[in-house]
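Shown next: my_file.pdb, containing PDB, C-alpha atoms, pLDDT in the B column.
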```
ATOM      1  CA  MET M   1      98.464  79.145 122.581  1.00 48.00           C
ATOM      2  CA  ILE M   2     100.082  75.996 124.020  1.00 50.00           C
ATOM      3  CA  LYS M   3      98.242  73.876 121.453  1.00 56.00           C
ATOM      4  CA  ARG M   4      99.668  76.022 118.657  1.00 63.00           C
ATOM      5  CA  PRO M   5     103.453  75.760 119.006  1.00 62.00           C
ATOM      6  CA  LEU M   6     104.186  77.471 115.682  1.00 61.00           C
ATOM      7  CA  CYS M   7     102.148  80.530 116.671  1.00 62.00           C
ATOM      8  CA  ALA M   8     103.618  80.619 120.170  1.00 64.00           C
ATOM      9  CA  ALA M   9     107.160  80.379 118.873  1.00 61.00           C
ATOM     10  CA  ALA M  10     106.510  83.128 116.317  1.00 60.00           C
ATOM     11  CA  VAL M  11     105.241  85.483 119.032  1.00 60.00           C
ATOM     12  CA  LEU M  12     108.239  84.664 121.234  1.00 64.00           C
ATOM     13  CA  PHE M  13     110.556  85.251 118.277  1.00 59.00           C
ATOM     14  CA  LEU M  14     109.059  88.719 117.675  1.00 59.00           C
ATOM     15  CA  CYS M  15     109.353  89.655 121.354  1.00 59.00           C
ATOM     16  CA  ILE M  16     112.995  88.583 121.564  1.00 58.00           C
ATOM     17  CA  GLN M  17     113.963  90.648 118.543  1.00 54.00           C
ATOM     18  CA  ALA M  18     112.027  93.686 119.781  1.00 53.00           C
ATOM     19  CA  VAL M  19     113.877  93.583 123.119  1.00 49.00           C
ATOM     20  CA  ILE M  20     117.316  92.926 121.649  1.00 48.00           C
ATOM     21  CA  THR M  21     117.201  95.435 118.811  1.00 45.00           C
ATOM     22  CA  GLY M  22     114.966  98.006 120.526  1.00 44.00           C
ATOM     23  CA  GLY M  23     114.738 100.882 118.084  1.00 45.00           C
ATOM     24  CA  LEU M  24     117.809 100.131 116.018  1.00 46.00           C
ATOM     25  CA  PHE M  25     116.272 101.510 112.848  1.00 45.00           C
ATOM     26  CA  HIS M  26     113.434 103.597 114.190  1.00 47.00           C
ATOM     27  CA  ALA M  27     114.337 107.299 114.226  1.00 46.00           C
ATOM     28  CA  PRO M  28     112.412 110.547 113.781  1.00 48.00           C
ATOM     29  CA  ASP M  29     114.969 112.004 111.372  1.00 53.00           C
ATOM     30  CA  GLN M  30     112.916 112.932 108.289  1.00 58.00           C
ATOM     31  CA  LYS M  31     114.866 116.004 107.158  1.00 65.00           C
ATOM     32  CA  PRO M  32     116.985 115.613 103.991  1.00 67.00           C
ATOM     33  CA  ALA M  33     120.590 114.932 104.959  1.00 73.00           C
ATOM     34  CA  ALA M  34     123.530 116.617 103.208  1.00 80.00           C
ATOM     35  CA  PHE M  35     124.238 113.359 101.391  1.00 86.00           C
ATOM     36  CA  GLU M  36     120.689 113.173 100.032  1.00 84.00           C
ATOM     37  CA  LYS M  37     120.731 116.842  98.964  1.00 83.00           C
ATOM     38  CA  ASN M  38     123.837 116.251  96.843  1.00 84.00           C
ATOM     39  CA  LEU M  39     122.670 112.905  95.498  1.00 85.00           C
ATOM     40  CA  GLU M  40     121.937 112.535  91.795  1.00 83.00           C
ATOM     41  CA  TYR M  41     120.474 109.549  89.944  1.00 81.00           C
ATOM     42  CA  LYS M  42     122.942 106.656  90.145  1.00 85.00           C
ATOM     43  CA  SER M  43     125.748 108.699  91.691  1.00 89.00           C
ATOM     44  CA  GLY M  44     128.990 106.772  92.000  1.00 95.00           C
ATOM     45  CA  VAL M  45     130.028 106.278  95.637  1.00 96.00           C
ATOM     46  CA  VAL M  46     132.580 104.522  97.811  1.00 97.00           C
ATOM     47  CA  LEU M  47     131.427 103.895 101.369  1.00 97.00           C
ATOM     48  CA  THR M  48     132.424 102.063 104.513  1.00 98.00           C
ATOM     49  CA  GLY M  49     129.992 101.063 107.243  1.00 98.00           C
ATOM     50  CA  THR M  50     129.014  98.348 109.712  1.00 97.00           C
ATOM     51  CA  VAL M  51     126.334  95.782 108.865  1.00 97.00           C
ATOM     52  CA  CYS M  52     123.617  95.700 111.516  1.00 94.00           C
ATOM     53  CA  ARG M  53     120.870  93.878 109.610  1.00 91.00           C
ATOM     54  CA  ARG M  54     120.648  91.481 106.657  1.00 90.00           C
ATOM     55  CA  GLU M  55     117.682  90.370 104.564  1.00 85.00           C
ATOM     56  CA  GLU M  56     117.913  87.483 102.125  1.00 83.00           C
ATOM     57  CA  LYS M  57     115.886  87.773  98.921  1.00 80.00           C
ATOM     58  CA  PRO M  58     115.645  85.258  96.055  1.00 77.00           C
ATOM     59  CA  ASP M  59     117.886  87.278  93.709  1.00 85.00           C
ATOM     60  CA  TYR M  60     119.803  89.628  96.002  1.00 90.00           C
ATOM     61  CA  THR M  61     120.587  90.496  99.610  1.00 91.00           C
ATOM     62  CA  ILE M  62     119.822  93.753 101.432  1.00 92.00           C
ATOM     63  CA  LEU M  63     122.322  95.020 103.989  1.00 95.00           C
ATOM     64  CA  TYR M  64     121.486  97.751 106.496  1.00 95.00           C
ATOM     65  CA  LEU M  65     124.657  99.707 107.277  1.00 98.00           C
ATOM     66  CA  LYS M  66     125.266 102.129 110.148  1.00 96.00           C
ATOM     67  CA  ASP M  67     128.022 104.670 110.912  1.00 96.00           C
ATOM     68  CA  ASN M  68     128.802 105.199 107.242  1.00 97.00           C
ATOM     69  CA  ARG M  69     131.558 107.253 105.656  1.00 97.00           C
ATOM     70  CA  VAL M  70     130.620 108.044 102.044  1.00 96.00           C
ATOM     71  CA  LEU M  71     132.896 109.402  99.315  1.00 96.00           C
ATOM     72  CA  MET M  72     130.904 111.043  96.500  1.00 94.00           C
ATOM     73  CA  LYS M  73     131.997 113.720  94.028  1.00 90.00           C
ATOM     74  CA  LYS M  74     135.288 114.132  95.896  1.00 92.00           C
ATOM     75  CA  ARG M  75     133.401 114.988  99.087  1.00 94.00           C
ATOM     76  CA  ILE M  76     133.105 113.028 102.319  1.00 95.00           C
ATOM     77  CA  PHE M  77     129.673 112.566 103.915  1.00 95.00           C
ATOM     78  CA  GLN M  78     128.854 111.019 107.284  1.00 94.00           C
ATOM     79  CA  GLU M  79     125.589 109.096 106.921  1.00 93.00           C
ATOM     80  CA  SER M  80     124.157 107.229 109.896  1.00 92.00           C
ATOM     81  CA  LYS M  81     122.155 104.629 107.935  1.00 94.00           C
ATOM     82  CA  ILE M  82     122.215 103.349 104.348  1.00 96.00           C
ATOM     83  CA  LEU M  83     120.741 100.348 102.521  1.00 96.00           C
ATOM     84  CA  VAL M  84     123.058  98.329 100.278  1.00 97.00           C
ATOM     85  CA  TYR M  85     121.908  95.762  97.708  1.00 96.00           C
ATOM     86  CA  ILE M  86     124.433  93.007  96.946  1.00 96.00           C
ATOM     87  CA  GLU M  87     124.469  89.733  95.018  1.00 90.00           C
ATOM     88  CA  THR M  88     123.429  86.668  96.997  1.00 80.00           C
ATOM     89  CA  THR M  89     126.803  85.038  96.260  1.00 78.00           C
ATOM     90  CA  ASN M  90     128.439  87.537  98.646  1.00 81.00           C
ATOM     91  CA  HIS M  91     127.719  86.339 102.187  1.00 85.00           C
ATOM     92  CA  ILE M  92     128.224  89.127 104.700  1.00 93.00           C
ATOM     93  CA  SER M  93     127.670  88.605 108.422  1.00 94.00           C
ATOM     94  CA  ILE M  94     125.936  91.054 110.738  1.00 96.00           C
ATOM     95  CA  GLY M  95     128.666  93.031 112.504  1.00 96.00           C
ATOM     96  CA  ASN M  96     131.111  93.008 109.586  1.00 97.00           C
ATOM     97  CA  LYS M  97     132.620  96.344 108.593  1.00 97.00           C
ATOM     98  CA  ILE M  98     132.591  96.522 104.802  1.00 98.00           C
ATOM     99  CA  LYS M  99     133.761  98.755 101.964  1.00 98.00           C
ATOM    100  CA  VAL M 100     131.328  99.143  99.066  1.00 98.00           C
ATOM    101  CA  THR M 101     131.646 100.724  95.642  1.00 97.00           C
ATOM    102  CA  GLY M 102     128.472 101.231  93.637  1.00 96.00           C
ATOM    103  CA  GLN M 103     125.656 103.488  92.476  1.00 96.00           C
ATOM    104  CA  ALA M 104     123.615 105.462  95.012  1.00 95.00           C
ATOM    105  CA  GLU M 105     119.994 106.562  94.589  1.00 94.00           C
ATOM    106  CA  ALA M 106     117.321 108.308  96.646  1.00 91.00           C
ATOM    107  CA  PHE M 107     114.009 106.633  97.490  1.00 90.00           C
ATOM    108  CA  GLU M 108     110.870 107.420  95.486  1.00 85.00           C
ATOM    109  CA  ALA M 109     107.740 108.990  96.932  1.00 83.00           C
ATOM    110  CA  ALA M 110     104.333 107.397  96.240  1.00 78.00           C
ATOM    111  CA  ARG M 111     103.061 108.317  92.780  1.00 78.00           C
ATOM    112  CA  ASN M 112      99.408 107.586  93.508  1.00 77.00           C
ATOM    113  CA  PRO M 113      97.267 107.972  96.655  1.00 75.00           C
ATOM    114  CA  GLY M 114      97.155 104.758  98.683  1.00 67.00           C
ATOM    115  CA  ASN M 115     100.379 103.379  97.227  1.00 71.00           C
ATOM    116  CA  PHE M 116     103.302 102.516  99.466  1.00 70.00           C
ATOM    117  CA  ASN M 117     105.424 105.643 100.054  1.00 80.00           C
ATOM    118  CA  GLN M 118     108.934 104.237 100.057  1.00 83.00           C
ATOM    119  CA  LYS M 119     110.611 107.613 100.636  1.00 86.00           C
ATOM    120  CA  PHE M 120     108.475 108.509 103.669  1.00 86.00           C
ATOM    121  CA  TYR M 121     108.764 105.024 105.129  1.00 81.00           C
ATOM    122  CA  TYR M 122     112.562 105.000 105.121  1.00 86.00           C
ATOM    123  CA  GLN M 123     112.908 108.654 106.110  1.00 86.00           C
ATOM    124  CA  LYS M 124     111.002 107.864 109.305  1.00 86.00           C
ATOM    125  CA  GLN M 125     113.824 105.441 110.085  1.00 85.00           C
ATOM    126  CA  GLY M 126     116.520 107.994 109.266  1.00 88.00           C
ATOM    127  CA  ILE M 127     117.486 106.246 106.003  1.00 92.00           C
ATOM    128  CA  HIS M 128     117.814 108.607 103.043  1.00 91.00           C
ATOM    129  CA  ALA M 129     119.437 106.562 100.266  1.00 93.00           C
ATOM    130  CA  PHE M 130     120.353 103.107  98.974  1.00 96.00           C
ATOM    131  CA  VAL M 131     123.283 101.729  97.000  1.00 97.00           C
ATOM    132  CA  TRP M 132     123.484  99.029  94.342  1.00 96.00           C
ATOM    133  CA  ALA M 133     126.887  97.478  95.061  1.00 96.00           C
ATOM    134  CA  ASP M 134     129.399  96.726  92.323  1.00 96.00           C
ATOM    135  CA  THR M 135     132.062  95.443  94.717  1.00 96.00           C
ATOM    136  CA  VAL M 136     132.020  94.511  98.413  1.00 96.00           C
ATOM    137  CA  GLU M 137     135.104  94.064 100.596  1.00 96.00           C
ATOM    138  CA  VAL M 138     135.043  92.918 104.222  1.00 96.00           C
ATOM    139  CA  GLN M 139     137.437  95.091 106.241  1.00 96.00           C
ATOM    140  CA  ASN M 140     136.631  93.752 109.708  1.00 94.00           C
ATOM    141  CA  GLN M 141     135.163  90.290 110.293  1.00 92.00           C
ATOM    142  CA  HIS M 142     133.733  91.033 113.733  1.00 94.00           C
ATOM    143  CA  ILE M 143     130.247  89.467 114.079  1.00 93.00           C
ATOM    144  CA  PHE M 144     127.274  90.517 116.202  1.00 94.00           C
ATOM    145  CA  LEU M 145     126.700  86.878 117.063  1.00 92.00           C
ATOM    146  CA  LEU M 146     123.201  87.117 118.547  1.00 92.00           C
ATOM    147  CA  ARG M 147     121.841  89.256 115.723  1.00 91.00           C
ATOM    148  CA  GLU M 148     123.433  86.954 113.162  1.00 92.00           C
ATOM    149  CA  LYS M 149     121.765  83.937 114.748  1.00 91.00           C
ATOM    150  CA  LEU M 150     118.411  85.759 114.782  1.00 88.00           C
ATOM    151  CA  ALA M 151     118.744  86.525 111.070  1.00 87.00           C
ATOM    152  CA  VAL M 152     119.338  82.835 110.392  1.00 87.00           C
ATOM    153  CA  LEU M 153     116.390  81.920 112.632  1.00 89.00           C
ATOM    154  CA  ARG M 154     114.171  84.357 110.718  1.00 85.00           C
ATOM    155  CA  ALA M 155     115.038  82.608 107.461  1.00 83.00           C
ATOM    156  CA  GLU M 156     114.296  79.246 109.060  1.00 88.00           C
ATOM    157  CA  TRP M 157     110.890  80.459 110.263  1.00 89.00           C
ATOM    158  CA  LYS M 158     109.973  81.527 106.766  1.00 86.00           C
ATOM    159  CA  LYS M 159     110.877  78.042 105.581  1.00 85.00           C
ATOM    160  CA  LYS M 160     108.698  76.490 108.313  1.00 91.00           C
ATOM    161  CA  LEU M 161     105.741  78.749 107.466  1.00 90.00           C
ATOM    162  CA  THR M 162     105.794  77.737 103.807  1.00 87.00           C
ATOM    163  CA  GLU M 163     106.228  74.059 104.707  1.00 90.00           C
ATOM    164  CA  HIS M 164     103.188  74.053 107.026  1.00 91.00           C
ATOM    165  CA  LEU M 165     100.922  76.523 105.215  1.00 89.00           C
ATOM    166  CA  GLY M 166     101.985  76.170 101.587  1.00 89.00           C
ATOM    167  CA  ASP M 167     103.603  78.814  99.404  1.00 84.00           C
ATOM    168  CA  TYR M 168     100.600  81.173  99.123  1.00 85.00           C
ATOM    169  CA  TYR M 169      99.620  81.369 102.797  1.00 84.00           C
ATOM    170  CA  GLY M 170     103.139  80.766 104.084  1.00 86.00           C
ATOM    171  CA  ASN M 171     104.561  83.697 102.139  1.00 83.00           C
ATOM    172  CA  SER M 172     101.586  85.839 103.192  1.00 83.00           C
ATOM    173  CA  MET M 173     102.237  85.103 106.871  1.00 85.00           C
ATOM    174  CA  SER M 174     105.944  85.649 106.320  1.00 83.00           C
ATOM    175  CA  ALA M 175     105.184  89.132 104.980  1.00 80.00           C
ATOM    176  CA  ILE M 176     102.979  89.973 107.967  1.00 79.00           C
ATOM    177  CA  LEU M 177     105.014  88.367 110.777  1.00 82.00           C
ATOM    178  CA  LEU M 178     108.560  88.691 109.468  1.00 80.00           C
ATOM    179  CA  GLY M 179     108.285  91.591 107.023  1.00 73.00           C
ATOM    180  CA  ASP M 180     109.611  89.439 104.164  1.00 75.00           C
ATOM    181  CA  LYS M 181     107.600  90.327 101.045  1.00 73.00           C
ATOM    182  CA  SER M 182     110.075  88.933  98.506  1.00 67.00           C
ATOM    183  CA  GLU M 183     107.798  86.036  97.513  1.00 75.00           C
ATOM    184  CA  LEU M 184     104.413  87.499  98.404  1.00 74.00           C
ATOM    185  CA  ASP M 185     101.725  86.906  95.772  1.00 73.00           C
ATOM    186  CA  SER M 186     101.672  90.035  93.566  1.00 70.00           C
ATOM    187  CA  GLU M 187      97.864  90.175  93.367  1.00 74.00           C
ATOM    188  CA  LEU M 188      97.550  90.010  97.151  1.00 72.00           C
ATOM    189  CA  LYS M 189     100.169  92.726  97.549  1.00 69.00           C
ATOM    190  CA  ASP M 190      98.324  94.979  95.075  1.00 69.00           C
ATOM    191  CA  LEU M 191      95.073  94.335  96.931  1.00 71.00           C
ATOM    192  CA  TYR M 192      96.606  95.524 100.214  1.00 67.00           C
ATOM    193  CA  GLN M 193      98.025  98.639  98.556  1.00 64.00           C
ATOM    194  CA  LYS M 194      94.848  99.551  96.662  1.00 63.00           C
ATOM    195  CA  SER M 195      92.851  99.127  99.858  1.00 64.00           C
ATOM    196  CA  GLY M 196      95.119 101.649 101.571  1.00 60.00           C
ATOM    197  CA  ILE M 197      96.426  99.111 104.089  1.00 56.00           C
ATOM    198  CA  GLY M 198      99.810  98.426 102.535  1.00 57.00           C
ATOM    199  CA  HIS M 199     101.426  99.503 105.811  1.00 56.00           C
ATOM    200  CA  ILE M 200     100.341  96.157 107.272  1.00 53.00           C
ATOM    201  CA  LEU M 201     102.949  94.557 105.041  1.00 57.00           C
ATOM    202  CA  ALA M 202     105.482  97.320 105.511  1.00 56.00           C
ATOM    203  CA  LYS M 203     106.366  96.904 109.153  1.00 49.00           C
ATOM    204  CA  LYS M 204     105.280  94.573 111.907  1.00 46.00           C
ATOM    205  CA  CYS M 205     107.420  95.579 114.887  1.00 41.00           C
ATOM    206  CA  THR M 206     108.599  98.781 116.505  1.00 35.00           C
ATOM    207  CA  SER M 207     112.239  97.813 116.466  1.00 37.00           C
ATOM    208  CA  GLY M 208     112.410  97.785 112.670  1.00 40.00           C
ATOM    209  CA  TYR M 209     115.000  95.003 112.830  1.00 44.00           C
ATOM    210  CA  ILE M 210     113.038  92.132 111.347  1.00 37.00           C
ATOM    211  CA  CYS M 211     110.834  94.240 109.112  1.00 36.00           C
ATOM    212  CA  VAL M 212     111.158  95.776 105.665  1.00 33.00           C
TER
END
```
For the structure just supplied, provide its representation as structure tokens.
Amino acid sequence: MIKRPLCAAAVLFLCIQAVITGGLFHAPDQKPAAFEKNLEYKSGVVLTGTVCRREEKPDYTILYLKDNRVLMKKRIFQESKILVYIETTNHISIGNKIKVTGQAEAFEAARNPGNFNQKFYYQKQGIHAFVWADTVEVQNQHIFLLREKLAVLRAEWKKKLTEHLGDYYGNSMSAILLGDKSELDSELKDLYQKSGIGHILAKKCTSGYICV
């Protein structure tokens, strides 16, 4: 292990995040929430919540929000966890309280046996819906400094993996170690899913913080 500093650092990185975030997005709540029951395809919503995780993708950014207050169809819903997709030009820090307007949707179940079941995967974490943001407004600029630094470190590790292993193997290891599948080779991803082992790419730590 000492002769392989990249591997050792990656293991240490995973352990630190598991301890710090311990179960942040891992919950047994799989029952449909009131918000999900009233949700229609692309329902217009206005919500406020606190960012507790951020994932950078090539074309967009995913924010994990907690303690959400959602206005939909003139009704107020309290939703513990929601995913929000925003444009990469909007930089939001972990810990910020934000107001989002956009279109909400429910997750899809697997259509074929062996395929990744997005609905089941997120329900296990207590997440029942996602929102495509039209506008994002920061209402409180408080930052969870340690988590923010870890998110930046995660992005740096992906960069190091691709620099040392090349795009194909670097992005493959990034998917397995960091849960970042945004640039994973599509044929390799299909191979995992068709083999019934797509869960290997779905989540690689119990905390759920660094994983998709």
Which residues of stretch 80-197 of chain M come within 8 Å of stretch 40-48 of chain M, and what is each one's closest atom pair and distance in Å (one decimal), counting all atoms listed in the file, sorted by chain and residue number, as a Markdown table?
```
| residue | atom | partner | partner_atom | distance |
| --- | --- | --- | --- | --- |
| M:Lys97 | CA | M:Thr48 | CA | 7.0 |
| M:Ile98 | CA | M:Thr48 | CA | 5.6 |
| M:Lys99 | CA | M:Thr48 | CA | 4.4 |
| M:Val100 | CA | M:Leu47 | CA | 5.3 |
| M:Thr101 | CA | M:Val46 | CA | 4.5 |
| M:Gly102 | CA | M:Val45 | CA | 5.6 |
| M:Gln103 | CA | M:Gly44 | CA | 4.7 |
| M:Ala104 | CA | M:Lys42 | CA | 5.1 |
| M:Glu105 | CA | M:Lys42 | CA | 5.3 |
| M:Ala106 | CA | M:Tyr41 | CA | 7.5 |
```
Which residues, written as a ChimeraX atom specification, have at least one atom at most 12 Å from M:Val152, with all atoms listed in the file counted and residues fewer than 6 positions away on the same chain left out? /M:53-56,93-94,145-146,158-159,210
Once you have the residues from the selection above, write them out as a tab-separated table (two decimals), keeping the file's coordinate frame, restricted to C-alpha atoms.
```
chain	number	residue	atom	x	y	z
M	53	ARG	CA	120.87	93.88	109.61
M	54	ARG	CA	120.65	91.48	106.66
M	55	GLU	CA	117.68	90.37	104.56
M	56	GLU	CA	117.91	87.48	102.12
M	93	SER	CA	127.67	88.60	108.42
M	94	ILE	CA	125.94	91.05	110.74
M	145	LEU	CA	126.70	86.88	117.06
M	146	LEU	CA	123.20	87.12	118.55
M	158	LYS	CA	109.97	81.53	106.77
M	159	LYS	CA	110.88	78.04	105.58
M	210	ILE	CA	113.04	92.13	111.35
```
TODO: Quick one: everything within 10 Å of M:Asn90, counting all atoms listed in the file, minus sequence neighbours fewer than 4 positions away in the same chain. Send it as a PyMOL selection string.
DONE: chain M and resi 60-61+86+135-137
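For the choices M:Arg111, M:Ala133, M:Phe77, M:Gln125, the atom-to-atom distance to M:Leu63 is smallest for M:Ala133 when using only C-alpha atoms.
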Between M:Leu184, M:Leu153, M:Ala33, M:Ile62, smallest distance to M:Glu79 by all atoms listed in the file belongs to M:Ala33
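Among the candidate residues M:Leu83, M:Ala151, M:Leu39, M:Leu178, the one lying nearest to M:Trp132 is M:Leu83, with distances computed using all atoms listed in the file.
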Edge lengths and centre in Å, axis-aligned, stretch 71-76 of chain M plus 4 Å each side, as lines of an AutoDock Vina configuration file:
```
center_x = 133.1
center_y = 112.2
center_z = 98.2
size_x = 12.4
size_y = 13.6
size_z = 16.3
```
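Taken over the whole file, the PyMOL selection byres ((chain M and resi 157) around 10) covers exactly Leu6, Ala9, Ala10, Phe13, Ala151, Val152, Leu153, Arg154, Ala155, Glu156, Lys158, Lys159, Lys160, Leu161, Thr162, Glu163, Gly170, Ser174, Leu177 and Leu178 of chain M.
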Could you take the residues named above and write them with C-alpha atoms, as an mmCIF file, keeping the file's coordinate frame?
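Below is the file that was written, again-v2.cif:
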```
data_model
loop_
_atom_site.group_PDB
_atom_site.id
_atom_site.type_symbol
_atom_site.label_atom_id
_atom_site.label_comp_id
_atom_site.auth_asym_id
_atom_site.auth_seq_id
_atom_site.Cartn_x
_atom_site.Cartn_y
_atom_site.Cartn_z
ATOM 1 C CA LEU M 6 104.186 77.471 115.682
ATOM 2 C CA ALA M 9 107.160 80.379 118.873
ATOM 3 C CA ALA M 10 106.510 83.128 116.317
ATOM 4 C CA PHE M 13 110.556 85.251 118.277
ATOM 5 C CA ALA M 151 118.744 86.525 111.070
ATOM 6 C CA VAL M 152 119.338 82.835 110.392
ATOM 7 C CA LEU M 153 116.390 81.920 112.632
ATOM 8 C CA ARG M 154 114.171 84.357 110.718
ATOM 9 C CA ALA M 155 115.038 82.608 107.461
ATOM 10 C CA GLU M 156 114.296 79.246 109.060
ATOM 11 C CA LYS M 158 109.973 81.527 106.766
ATOM 12 C CA LYS M 159 110.877 78.042 105.581
ATOM 13 C CA LYS M 160 108.698 76.490 108.313
ATOM 14 C CA LEU M 161 105.741 78.749 107.466
ATOM 15 C CA THR M 162 105.794 77.737 103.807
ATOM 16 C CA GLU M 163 106.228 74.059 104.707
ATOM 17 C CA GLY M 170 103.139 80.766 104.084
ATOM 18 C CA SER M 174 105.944 85.649 106.320
ATOM 19 C CA LEU M 177 105.014 88.367 110.777
ATOM 20 C CA LEU M 178 108.560 88.691 109.468
#
```
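Of note, atom CA of M:Val51 and atom CA of M:Ile143 are spaced 9.1 Å apart.
Between atom CA of M:Glu183 and atom CA of M:Gly49 lies a distance of 28.5 Å.
The space between atom CA of M:Asp134 and atom CA of M:Tyr122 spans 22.7 Å.
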